[in-house]
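File shown: model10.cif (mmCIF, C-alpha atoms).
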```cif
data_entry
#
loop_
_atom_site.label_atom_id
_atom_site.label_comp_id
_atom_site.auth_asym_id
_atom_site.auth_seq_id
_atom_site.Cartn_x
_atom_site.Cartn_y
_atom_site.Cartn_z
CA MET F 1 93.40 103.08 116.06
CA THR F 2 92.35 106.27 114.31
CA LEU F 3 93.49 106.39 110.73
CA PRO F 4 94.91 109.67 109.50
CA GLU F 5 92.49 111.23 107.03
CA CYS F 6 92.24 114.39 105.02
CA PRO F 7 89.01 115.83 103.59
CA LEU F 8 90.86 116.92 100.45
CA GLU F 9 92.28 113.47 99.71
CA ARG F 10 89.51 112.65 97.19
CA GLU F 11 90.05 115.91 95.35
CA VAL F 12 93.77 115.24 95.04
CA ILE F 13 93.10 111.75 93.66
CA ALA F 14 90.43 113.04 91.26
CA ALA F 15 92.81 115.71 89.91
CA ILE F 16 95.60 113.19 89.38
CA VAL F 17 93.38 110.52 87.79
CA ALA F 18 91.90 113.12 85.43
CA GLY F 19 95.40 114.27 84.44
CA ARG F 20 94.91 117.80 85.82
CA TRP F 21 97.75 117.45 88.31
CA PRO F 22 99.92 119.45 88.95
CA HIS F 23 99.49 122.24 86.37
CA ASP F 24 95.74 122.34 85.71
CA CYS F 25 94.43 121.93 89.23
CA ASP F 26 93.60 124.42 91.94
CA GLU F 27 96.74 126.13 93.23
CA LEU F 28 95.47 125.84 96.82
CA LEU F 29 95.03 122.09 96.45
CA HIS F 30 98.58 121.81 95.26
CA VAL F 31 99.92 123.85 98.15
CA HIS F 32 97.85 121.80 100.57
CA ALA F 33 99.21 118.50 99.16
CA ALA F 34 102.77 119.72 99.64
CA GLU F 35 102.10 120.30 103.33
CA CYS F 36 99.60 117.56 104.28
CA GLY F 37 101.21 114.20 105.11
CA VAL F 38 98.23 112.14 103.91
CA CYS F 39 97.77 114.04 100.65
CA LYS F 40 101.50 114.01 99.93
CA GLU F 41 101.54 110.24 100.21
CA VAL F 42 98.34 109.83 98.21
CA ALA F 43 99.60 112.17 95.48
CA ALA F 44 102.89 110.27 95.19
CA ILE F 45 101.16 106.91 94.78
CA ALA F 46 98.33 108.14 92.58
CA ASP F 47 100.77 109.86 90.21
CA LEU F 48 102.91 106.74 89.95
CA LEU F 49 99.88 104.60 89.21
CA ARG F 50 98.51 107.16 86.74
CA VAL F 51 101.73 106.94 84.73
CA GLU F 52 101.50 103.15 84.84
CA ARG F 53 97.85 103.20 83.79
CA GLU F 54 98.48 105.58 80.89
CA THR F 55 101.44 103.55 79.68
CA LEU F 56 99.46 100.33 79.85
CA HIS F 57 96.58 101.96 77.96
CA GLU F 58 99.02 103.05 75.23
CA GLU F 59 100.68 99.66 75.04
CA VAL F 60 97.62 97.45 75.10
CA ASN F 61 96.08 96.13 71.93
CA VAL F 62 92.69 94.81 73.00
CA PRO F 63 90.63 92.77 70.53
CA SER F 64 87.76 94.54 68.81
CA ALA F 65 84.30 94.50 70.40
CA GLY F 66 82.98 92.57 67.38
CA GLN F 67 85.58 89.87 67.87
CA ILE F 68 84.70 89.45 71.55
CA TRP F 69 80.98 89.40 70.73
CA TRP F 70 81.42 86.84 67.96
CA ARG F 71 83.55 84.52 70.11
CA ALA F 72 81.08 84.79 72.96
CA ALA F 73 78.20 83.95 70.60
CA ILE F 74 80.01 80.88 69.25
CA ARG F 75 80.89 79.72 72.73
CA ALA F 76 77.35 80.19 73.98
CA ARG F 77 76.00 78.10 71.10
CA LEU F 78 78.62 75.40 71.70
CA GLU F 79 77.77 75.23 75.39
CA ALA F 80 74.07 75.00 74.57
CA SER F 81 74.78 72.11 72.18
CA ARG F 82 76.84 70.32 74.82
CA GLN F 83 74.09 70.79 77.35
CA ALA F 84 71.53 69.40 74.94
CA ALA F 85 73.72 66.37 74.19
CA ARG F 86 74.21 65.52 77.86
CA PRO F 87 70.82 63.76 78.50
CA LEU F 88 71.33 61.75 75.32
CA SER F 89 74.66 60.46 76.64
CA TRP F 90 72.97 59.50 79.90
CA LEU F 91 70.20 57.75 78.01
CA PHE F 92 72.74 55.85 75.93
CA GLY F 93 74.67 54.77 79.03
CA ALA F 94 71.48 53.66 80.80
CA SER F 95 70.36 51.65 77.75
CA VAL F 96 73.71 49.89 77.52
CA ALA F 97 73.43 48.98 81.22
CA CYS F 98 69.84 47.74 80.74
CA ALA F 99 70.83 45.70 77.70
CA ALA F 100 73.71 44.12 79.60
CA GLY F 101 71.35 43.22 82.46
CA LEU F 102 68.79 41.77 80.08
CA ALA F 103 71.42 39.77 78.25
CA ALA F 104 72.61 38.33 81.57
CA SER F 105 69.05 37.35 82.56
CA LEU F 106 68.46 35.78 79.13
CA VAL F 107 71.58 33.66 79.50
CA GLU F 108 70.38 32.62 82.93
CA LEU F 109 66.88 31.87 81.61
CA LEU F 110 68.12 29.80 78.69
CA TRP F 111 70.89 28.07 80.55
CA SER F 112 68.76 25.46 82.42
CA PRO F 113 66.83 24.11 79.37
CA VAL F 114 70.10 23.95 77.41
CA ARG F 115 71.74 22.10 80.27
CA GLN F 116 68.80 19.72 80.45
CA VAL F 117 69.08 19.02 76.73
CA VAL F 118 72.86 18.66 76.82
CA GLY F 119 72.62 16.55 80.01
CA GLY F 120 70.07 14.25 78.32
CA LEU F 121 72.39 13.84 75.35
CA THR F 122 75.64 13.23 77.23
CA PRO F 123 75.40 9.44 77.16
CA ALA F 124 74.43 9.61 73.53
CA TRP F 125 77.61 11.63 72.54
CA THR F 126 79.89 8.68 73.11
CA PRO F 127 78.66 6.51 70.23
CA LEU F 128 78.75 8.01 66.76
CA LEU F 129 75.82 10.32 66.09
CA GLY F 130 73.78 8.37 63.63
CA VAL F 131 70.49 9.12 61.96
CA GLY F 132 68.63 7.40 64.76
CA GLU F 133 70.36 9.63 67.31
CA ILE F 134 69.44 12.81 65.44
CA GLY F 135 65.92 11.56 65.31
CA ARG F 136 66.07 11.14 69.09
CA LEU F 137 67.51 14.67 69.47
CA LEU F 138 64.88 16.43 67.37
CA PRO F 139 62.04 16.28 69.92
CA ALA F 140 64.41 17.74 72.56
CA ILE F 141 65.30 20.68 70.28
CA ALA F 142 61.63 21.15 69.57
CA ASP F 143 60.98 21.32 73.31
CA LEU F 144 63.70 23.97 73.72
CA THR F 145 62.28 26.01 70.85
CA SER F 146 58.83 25.98 72.40
CA LEU F 147 60.33 27.13 75.72
CA THR F 148 62.28 30.09 74.28
CA ALA F 149 59.57 30.98 71.83
CA THR F 150 57.18 31.89 74.65
CA GLY F 151 59.17 34.45 76.65
CA GLY F 152 62.65 34.41 75.18
CA PHE F 153 61.79 36.08 71.89
CA LEU F 154 59.88 38.76 73.68
CA LEU F 155 62.87 39.49 75.89
CA LEU F 156 65.22 39.45 72.92
CA GLY F 157 63.00 41.94 71.12
CA ALA F 158 62.90 44.24 74.15
CA ALA F 159 66.67 44.08 74.50
CA ALA F 160 67.16 44.87 70.82
CA CYS F 161 64.82 47.86 71.11
CA LEU F 162 66.61 49.13 74.17
CA VAL F 163 69.97 48.98 72.42
CA LEU F 164 68.88 50.12 69.01
CA ALA F 165 66.49 52.93 69.93
CA PRO F 166 69.10 55.20 71.63
CA LEU F 167 71.57 54.42 68.87
CA ALA F 168 69.05 55.39 66.24
CA LEU F 169 68.21 58.56 68.19
CA TYR F 170 71.88 59.43 68.54
CA PHE F 171 72.60 59.07 64.85
CA ALA F 172 69.45 60.94 63.91
CA LEU F 173 70.25 63.92 66.16
CA SER F 174 74.04 64.06 65.71
CA ASP F 175 75.70 66.71 63.54
CA ASP F 176 76.56 64.78 60.37
CA MET N 1 79.95 59.95 72.34
CA ARG N 2 81.51 62.39 69.86
CA GLU N 3 82.67 65.82 70.91
CA VAL N 4 80.16 68.54 70.07
CA THR N 5 81.37 70.87 67.32
CA LEU N 6 79.70 73.59 65.31
CA SER N 7 79.45 73.67 61.55
CA ASP N 8 79.91 76.96 59.64
CA VAL N 9 76.16 77.28 59.20
CA GLU N 10 75.63 76.87 62.93
CA ARG N 11 78.32 79.46 63.59
CA LEU N 12 76.33 81.93 61.54
CA GLY N 13 73.23 80.86 63.43
CA ALA N 14 75.05 81.44 66.70
CA PHE N 15 75.72 85.00 65.63
CA GLY N 16 72.01 85.52 65.09
CA ASP N 17 71.14 83.81 68.38
CA ALA N 18 73.54 85.93 70.41
CA GLU N 19 71.14 88.78 71.02
CA ARG N 20 68.57 86.33 72.33
CA THR N 21 71.13 84.58 74.54
CA PHE N 22 72.72 87.73 75.91
CA LEU N 23 70.77 90.45 77.66
CA MET N 24 72.55 93.12 75.66
CA THR N 25 72.40 94.15 72.02
CA GLU N 26 75.59 94.10 70.01
CA GLU N 27 75.50 97.86 69.64
CA ALA N 28 75.16 98.41 73.39
CA PHE N 29 77.96 95.94 73.99
CA ARG N 30 80.25 97.77 71.58
CA ALA N 31 79.72 101.06 73.39
CA PHE N 32 80.27 99.45 76.77
CA TYR N 33 83.36 97.60 75.54
CA GLU N 34 84.95 100.76 74.12
CA GLN N 35 84.58 102.40 77.53
CA THR N 36 85.77 99.53 79.66
CA ALA N 37 88.15 97.26 77.72
CA ARG N 38 91.36 99.23 78.22
CA PRO N 39 90.82 100.04 81.90
CA LEU N 40 89.85 96.43 82.54
CA TRP N 41 92.88 95.09 80.69
CA ALA N 42 95.18 97.49 82.57
CA TYR N 43 93.63 96.40 85.87
CA LEU N 44 94.00 92.71 85.05
CA ALA N 45 97.53 93.18 83.75
CA ARG N 46 98.54 95.14 86.84
CA ILE N 47 97.12 92.73 89.38
CA THR N 48 98.27 89.59 87.59
CA ALA N 49 101.57 91.08 86.35
CA ASP N 50 101.07 89.01 83.22
CA SER N 51 99.89 90.61 79.99
CA ARG N 52 99.14 87.30 78.25
CA LEU N 53 97.04 86.16 81.16
CA ALA N 54 95.31 89.56 81.12
CA ASP N 55 94.40 88.97 77.44
CA ASP N 56 92.78 85.64 78.28
CA LEU N 57 91.03 86.93 81.36
CA LEU N 58 89.69 89.91 79.43
CA GLN N 59 87.86 87.63 77.01
CA GLU N 60 86.62 85.36 79.76
CA THR N 61 85.41 88.34 81.79
CA TYR N 62 83.35 89.72 78.90
CA TYR N 63 81.98 86.27 78.10
CA ARG N 64 80.77 85.79 81.67
CA PHE N 65 79.46 89.31 81.73
CA LEU N 66 77.44 88.67 78.57
CA ARG N 67 76.04 85.41 79.98
CA THR N 68 74.90 86.99 83.22
CA ARG N 69 71.21 87.43 83.87
CA ALA N 70 71.83 90.27 86.34
CA GLU N 71 70.07 93.58 85.92
CA PHE N 72 71.97 96.81 86.39
CA GLU N 73 70.75 99.99 87.99
CA SER N 74 73.30 102.23 86.26
CA ASP N 75 76.37 102.27 84.04
CA ASP N 76 78.58 102.40 87.13
CA HIS N 77 76.87 99.34 88.54
CA ARG N 78 77.40 97.51 85.24
CA ARG N 79 81.06 98.57 85.16
CA ASN N 80 81.67 97.51 88.77
CA TYR N 81 80.05 94.18 88.04
CA LEU N 82 82.43 93.66 85.12
CA PHE N 83 85.44 94.44 87.29
CA ARG N 84 84.13 92.11 89.95
CA ILE N 85 83.96 89.25 87.45
CA GLY N 86 87.54 90.04 86.44
CA THR N 87 88.67 90.10 90.07
CA ASN N 88 87.02 86.73 90.76
CA LEU N 89 88.64 85.20 87.69
CA VAL N 90 92.05 86.40 88.85
CA ARG N 91 91.39 84.89 92.29
CA ASP N 92 90.39 81.57 90.72
CA HIS N 93 93.55 81.61 88.68
CA TRP N 94 95.72 82.30 91.70
CA ARG N 95 94.18 79.47 93.67
CA ARG N 96 95.71 77.10 91.17
CA PHE N 97 99.24 78.38 91.83
CA THR N 98 101.29 78.46 95.01
CA THR N 99 102.38 81.85 96.32
CA GLU N 100 105.97 81.04 95.52
CA ASP N 101 105.30 80.21 91.88
CA ARG N 102 103.33 83.41 91.59
CA HIS N 103 106.08 85.55 93.00
CA LEU N 104 108.73 84.00 90.75
CA THR N 105 106.57 84.47 87.68
CA GLU N 106 105.87 88.07 88.48
CA SER N 107 109.48 88.99 89.24
CA ALA N 108 110.63 87.40 86.00
CA ARG N 109 108.10 89.40 84.00
CA VAL N 110 108.68 92.77 85.58
CA GLU N 111 111.83 93.56 83.65
CA GLU N 112 110.49 92.10 80.44
CA ARG N 113 107.55 94.50 80.54
CA VAL N 114 109.51 97.60 81.46
CA ALA N 115 112.32 96.95 78.98
CA GLY N 116 110.30 98.48 76.16
CA ALA N 117 109.55 101.80 77.93
CA PRO N 118 110.88 104.75 75.92
CA GLU N 119 111.94 107.21 78.58
CA ALA N 120 114.63 106.24 81.05
CA ASP N 121 113.16 108.00 84.09
CA ARG N 122 109.69 106.69 83.42
CA ALA N 123 111.12 103.21 82.86
CA VAL N 124 112.96 103.29 86.19
CA ARG N 125 109.83 104.43 88.01
CA ARG N 126 107.74 101.75 86.39
CA LEU N 127 110.32 99.15 87.22
CA ASP N 128 110.38 100.24 90.87
CA LEU N 129 106.59 100.16 90.99
CA ALA N 130 106.40 96.76 89.33
CA ARG N 131 108.94 95.30 91.75
CA ALA N 132 107.17 96.78 94.74
CA MET N 133 103.76 95.60 93.54
CA ALA N 134 105.17 92.11 92.96
CA HIS N 135 105.86 91.96 96.69
CA MET N 136 102.35 92.94 97.66
CA LYS N 137 99.31 90.78 98.20
CA PRO N 138 96.88 90.51 95.27
CA ARG N 139 94.15 92.23 97.26
CA GLU N 140 96.46 95.13 98.13
CA ARG N 141 97.31 95.57 94.46
CA SER N 142 93.65 95.58 93.51
CA LEU N 143 92.86 98.09 96.23
CA LEU N 144 95.62 100.48 95.22
CA TRP N 145 94.86 100.22 91.53
CA LEU N 146 91.16 100.82 91.91
CA ALA N 147 91.60 103.65 94.40
CA TYR N 148 94.53 105.53 92.92
CA ALA N 149 94.83 104.53 89.25
CA GLN N 150 91.12 104.50 88.46
CA GLY N 151 89.93 106.87 91.16
CA CYS N 152 87.11 104.58 92.32
CA SER N 153 85.16 105.57 95.43
CA HIS N 154 85.19 103.36 98.52
CA GLU N 155 81.69 102.11 97.67
CA GLU N 156 82.81 101.08 94.20
CA ILE N 157 85.93 99.33 95.49
CA ALA N 158 83.89 97.47 98.08
CA ALA N 159 81.48 96.34 95.36
CA VAL N 160 84.26 95.18 93.03
CA LEU N 161 86.30 93.35 95.63
CA GLY N 162 83.41 92.07 97.70
CA LEU N 163 84.64 93.78 100.87
CA LYS N 164 82.81 95.63 103.60
CA LYS N 165 83.01 99.36 103.20
CA ALA N 166 83.85 99.76 106.90
CA SER N 167 87.04 97.73 106.61
CA LEU N 168 88.12 99.29 103.35
CA LYS N 169 89.66 102.44 104.77
CA ALA N 170 92.01 100.49 107.02
CA LEU N 171 92.94 98.04 104.27
CA LEU N 172 93.65 100.83 101.85
CA PHE N 173 95.69 102.71 104.43
CA ARG N 174 97.82 99.62 105.13
CA ALA N 175 98.30 98.88 101.43
CA ARG N 176 99.39 102.47 100.82
CA LYS N 177 101.86 102.36 103.69
CA ARG N 178 103.24 99.07 102.45
CA LEU N 179 103.77 100.40 98.95
CA ILE N 180 105.47 103.54 100.28
CA ALA N 181 107.77 101.36 102.40
CA LEU N 182 108.61 99.16 99.42
CA LEU N 183 109.25 102.13 97.17
CA GLY N 184 111.36 104.05 99.65
CA THR N 185 111.01 107.85 99.65
CA PRO N 186 108.11 108.63 97.32
CA HIS N 187 108.46 111.17 94.58
CA VAL N 188 105.89 113.91 95.07
CA PRO N 189 104.67 115.05 91.65
CA GLY N 190 105.06 118.73 90.88
CA ALA N 191 106.87 119.37 94.17
CA GLY N 192 109.11 121.97 92.65
CA ARG N 193 106.35 123.90 90.91
#
```

Using structure tokens, write down the structure that the file contains.
Amino acid sequence: MTLPECPLEREVIAAIVAGRWPHDCDELLHVHAAECGVCKEVAAIADLLRVERETLHEEVNVPSAGQIWWRAAIRARLEASRQAARPLSWLFGASVACAAGLAASLVELLWSPVRQVVGGLTPAWTPLLGVGEIGRLLPAIADLTSLTATGGFLLLGAAACLVLAPLALYFALSDD
Amino acid sequence: MREVTLSDVERLGAFGDAERTFLMTEEAFRAFYEQTARPLWAYLARITADSRLADDLLQETYYRFLRTRAEFESDDHRRNYLFRIGTNLVRDHWRRFTTEDRHLTESARVEERVAGAPEADRAVRRLDLARAMAHMKPRERSLLWLAYAQGCSHEEIAAVLGLKKASLKALLFRARKRLIALLGTPHVPGAGR
């Protein structure tokens, strides 16, 4: 399909957009637009839209350039801060997960000696716990202490560091 | 984690940082803004048929423009890029609404906008145009506005709307015909001169 075109179409539009139509433009262009089907249509639409554009320009109250600039600057800074805070949040989440895992393994590690101790005591719970019984219990507690003291304290220390270090970092780097 | 906020001191710092963050100086931006803000607002208001939305989109458009790392060959290129950002933002906004919602919103706002027009004849013409435009596709509105209200060349329109120049002529022709059909017999300006 061949679209109807007119070589003067652009000139008609330019005259209307610039506000030269119909009185300040070339008389020949005006005569041509009255006769040419394409230009007549284009002139009708362009004039209608020109009126709309001018009215909108009169009506609009756009914010000042300074206001737009200032808001953009604030927003850019805010986005930069958010971006900077994102790895810290990830670090915090990862530490919490690590600490939870470590705590679970510690419980597992300490559970069997505790059970052994408690299991050894079970028959002894039934009579009243006298001085002699406590005396019998003391070596068992001492055994447990020696067990946890070797690896348990190390693990506890590591877990505490993992939890406390990101917290300390967070509070040190946060706003207030 | 707490939400990130800026203190007053940081706000002042942000103002100082702006020229490092943006590729434009404040002075250059002011000059560019004075040239483009009203045409851009009119374009956004006309294609969205919503002046409040146009206000929001105007700010967002300039923000994205300032954040861009693109380099511009000329003022026209810079201007077209700005209009392209605006067009994309309008498209994103429309994707969130169904066509029906859009149409209802636009029709309801047409009369509200035209009610304040001072001259009766002008008001009637604007109302007719607004009603006709409300029935057109967003792309058709953009095409007509850029071509006939702003006088953009086909190259410029293609750059703003992201269309191929070869298909533009046919699209523009169809949009024009559609508007004429919706408006009825067009008024030819200065016909009785």

Suppose a student applies the PyMOL selection byres ((chain F) within 6 of (chain N)) to this structure; what residues should they get, written as a PyMOL selection string? chain F and resi 22+44+46+49-50+56-57+65+72-74+77

Could you jot down the CA of Ala160 in chain F to CA of Val114 in chain F separation for me, Å, one decimal place?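 These atoms are spaced 22.1 Å apart.
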
Atomic distance CA of Leu28 in chain F - CA of Leu8 in chain F, expressed in Å with one decimal: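 These two atoms are separated by 10.7 Å.
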
Taking the file as I've supplied it (selection: the PyMOL selection byres ((chain F and resi 106) around 12)), which residues are included? Please answer as a PDB file with C-alpha atoms, in the coordinates of the input.
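Generated file (selection_37.pdb):
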```pdb
ATOM      1  CA  ALA F  99      70.830  45.700  77.700  1.00  0.00           C
ATOM      2  CA  ALA F 100      73.710  44.120  79.600  1.00  0.00           C
ATOM      3  CA  GLY F 101      71.350  43.220  82.460  1.00  0.00           C
ATOM      4  CA  LEU F 102      68.790  41.770  80.080  1.00  0.00           C
ATOM      5  CA  ALA F 103      71.420  39.770  78.250  1.00  0.00           C
ATOM      6  CA  ALA F 104      72.610  38.330  81.570  1.00  0.00           C
ATOM      7  CA  SER F 105      69.050  37.350  82.560  1.00  0.00           C
ATOM      8  CA  VAL F 107      71.580  33.660  79.500  1.00  0.00           C
ATOM      9  CA  GLU F 108      70.380  32.620  82.930  1.00  0.00           C
ATOM     10  CA  LEU F 109      66.880  31.870  81.610  1.00  0.00           C
ATOM     11  CA  LEU F 110      68.120  29.800  78.690  1.00  0.00           C
ATOM     12  CA  TRP F 111      70.890  28.070  80.550  1.00  0.00           C
ATOM     13  CA  SER F 112      68.760  25.460  82.420  1.00  0.00           C
ATOM     14  CA  PRO F 113      66.830  24.110  79.370  1.00  0.00           C
ATOM     15  CA  THR F 148      62.280  30.090  74.280  1.00  0.00           C
ATOM     16  CA  GLY F 151      59.170  34.450  76.650  1.00  0.00           C
ATOM     17  CA  GLY F 152      62.650  34.410  75.180  1.00  0.00           C
ATOM     18  CA  PHE F 153      61.790  36.080  71.890  1.00  0.00           C
ATOM     19  CA  LEU F 154      59.880  38.760  73.680  1.00  0.00           C
ATOM     20  CA  LEU F 155      62.870  39.490  75.890  1.00  0.00           C
ATOM     21  CA  LEU F 156      65.220  39.450  72.920  1.00  0.00           C
ATOM     22  CA  GLY F 157      63.000  41.940  71.120  1.00  0.00           C
ATOM     23  CA  ALA F 158      62.900  44.240  74.150  1.00  0.00           C
ATOM     24  CA  ALA F 159      66.670  44.080  74.500  1.00  0.00           C
TER      25      ALA F 159
END
```

For the structure shown, which residues end up in the PyMOL selection byres ((chain F and resi 92) around 12)? Put them as a PyMOL selection string, please? (chain F and resi 85-91+93-99+162-171) or (chain N and resi 1)

Just write the chosen residues, C-alpha atoms, as a short mmCIF file (atom, residue, chain, number, x, y, z; two decimals), in the frame of the given file.
```cif
data_model
loop_
_atom_site.label_atom_id
_atom_site.label_comp_id
_atom_site.auth_asym_id
_atom_site.auth_seq_id
_atom_site.Cartn_x
_atom_site.Cartn_y
_atom_site.Cartn_z
CA ALA F 85 73.72 66.37 74.19
CA ARG F 86 74.21 65.52 77.86
CA PRO F 87 70.82 63.76 78.50
CA LEU F 88 71.33 61.75 75.32
CA SER F 89 74.66 60.46 76.64
CA TRP F 90 72.97 59.50 79.90
CA LEU F 91 70.20 57.75 78.01
CA GLY F 93 74.67 54.77 79.03
CA ALA F 94 71.48 53.66 80.80
CA SER F 95 70.36 51.65 77.75
CA VAL F 96 73.71 49.89 77.52
CA ALA F 97 73.43 48.98 81.22
CA CYS F 98 69.84 47.74 80.74
CA ALA F 99 70.83 45.70 77.70
CA LEU F 162 66.61 49.13 74.17
CA VAL F 163 69.97 48.98 72.42
CA LEU F 164 68.88 50.12 69.01
CA ALA F 165 66.49 52.93 69.93
CA PRO F 166 69.10 55.20 71.63
CA LEU F 167 71.57 54.42 68.87
CA ALA F 168 69.05 55.39 66.24
CA LEU F 169 68.21 58.56 68.19
CA TYR F 170 71.88 59.43 68.54
CA PHE F 171 72.60 59.07 64.85
CA MET N 1 79.95 59.95 72.34
#
```

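One finds CA of Cys39 in chain F at 16.3 Å from CA of Ala18 in chain F.
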
Residue nearest Leu48 in chain F - candidates F:Ile68, F:Ile16, F:Arg75, F:Ala34, atoms counted: only C-alpha atoms: F:Ile16
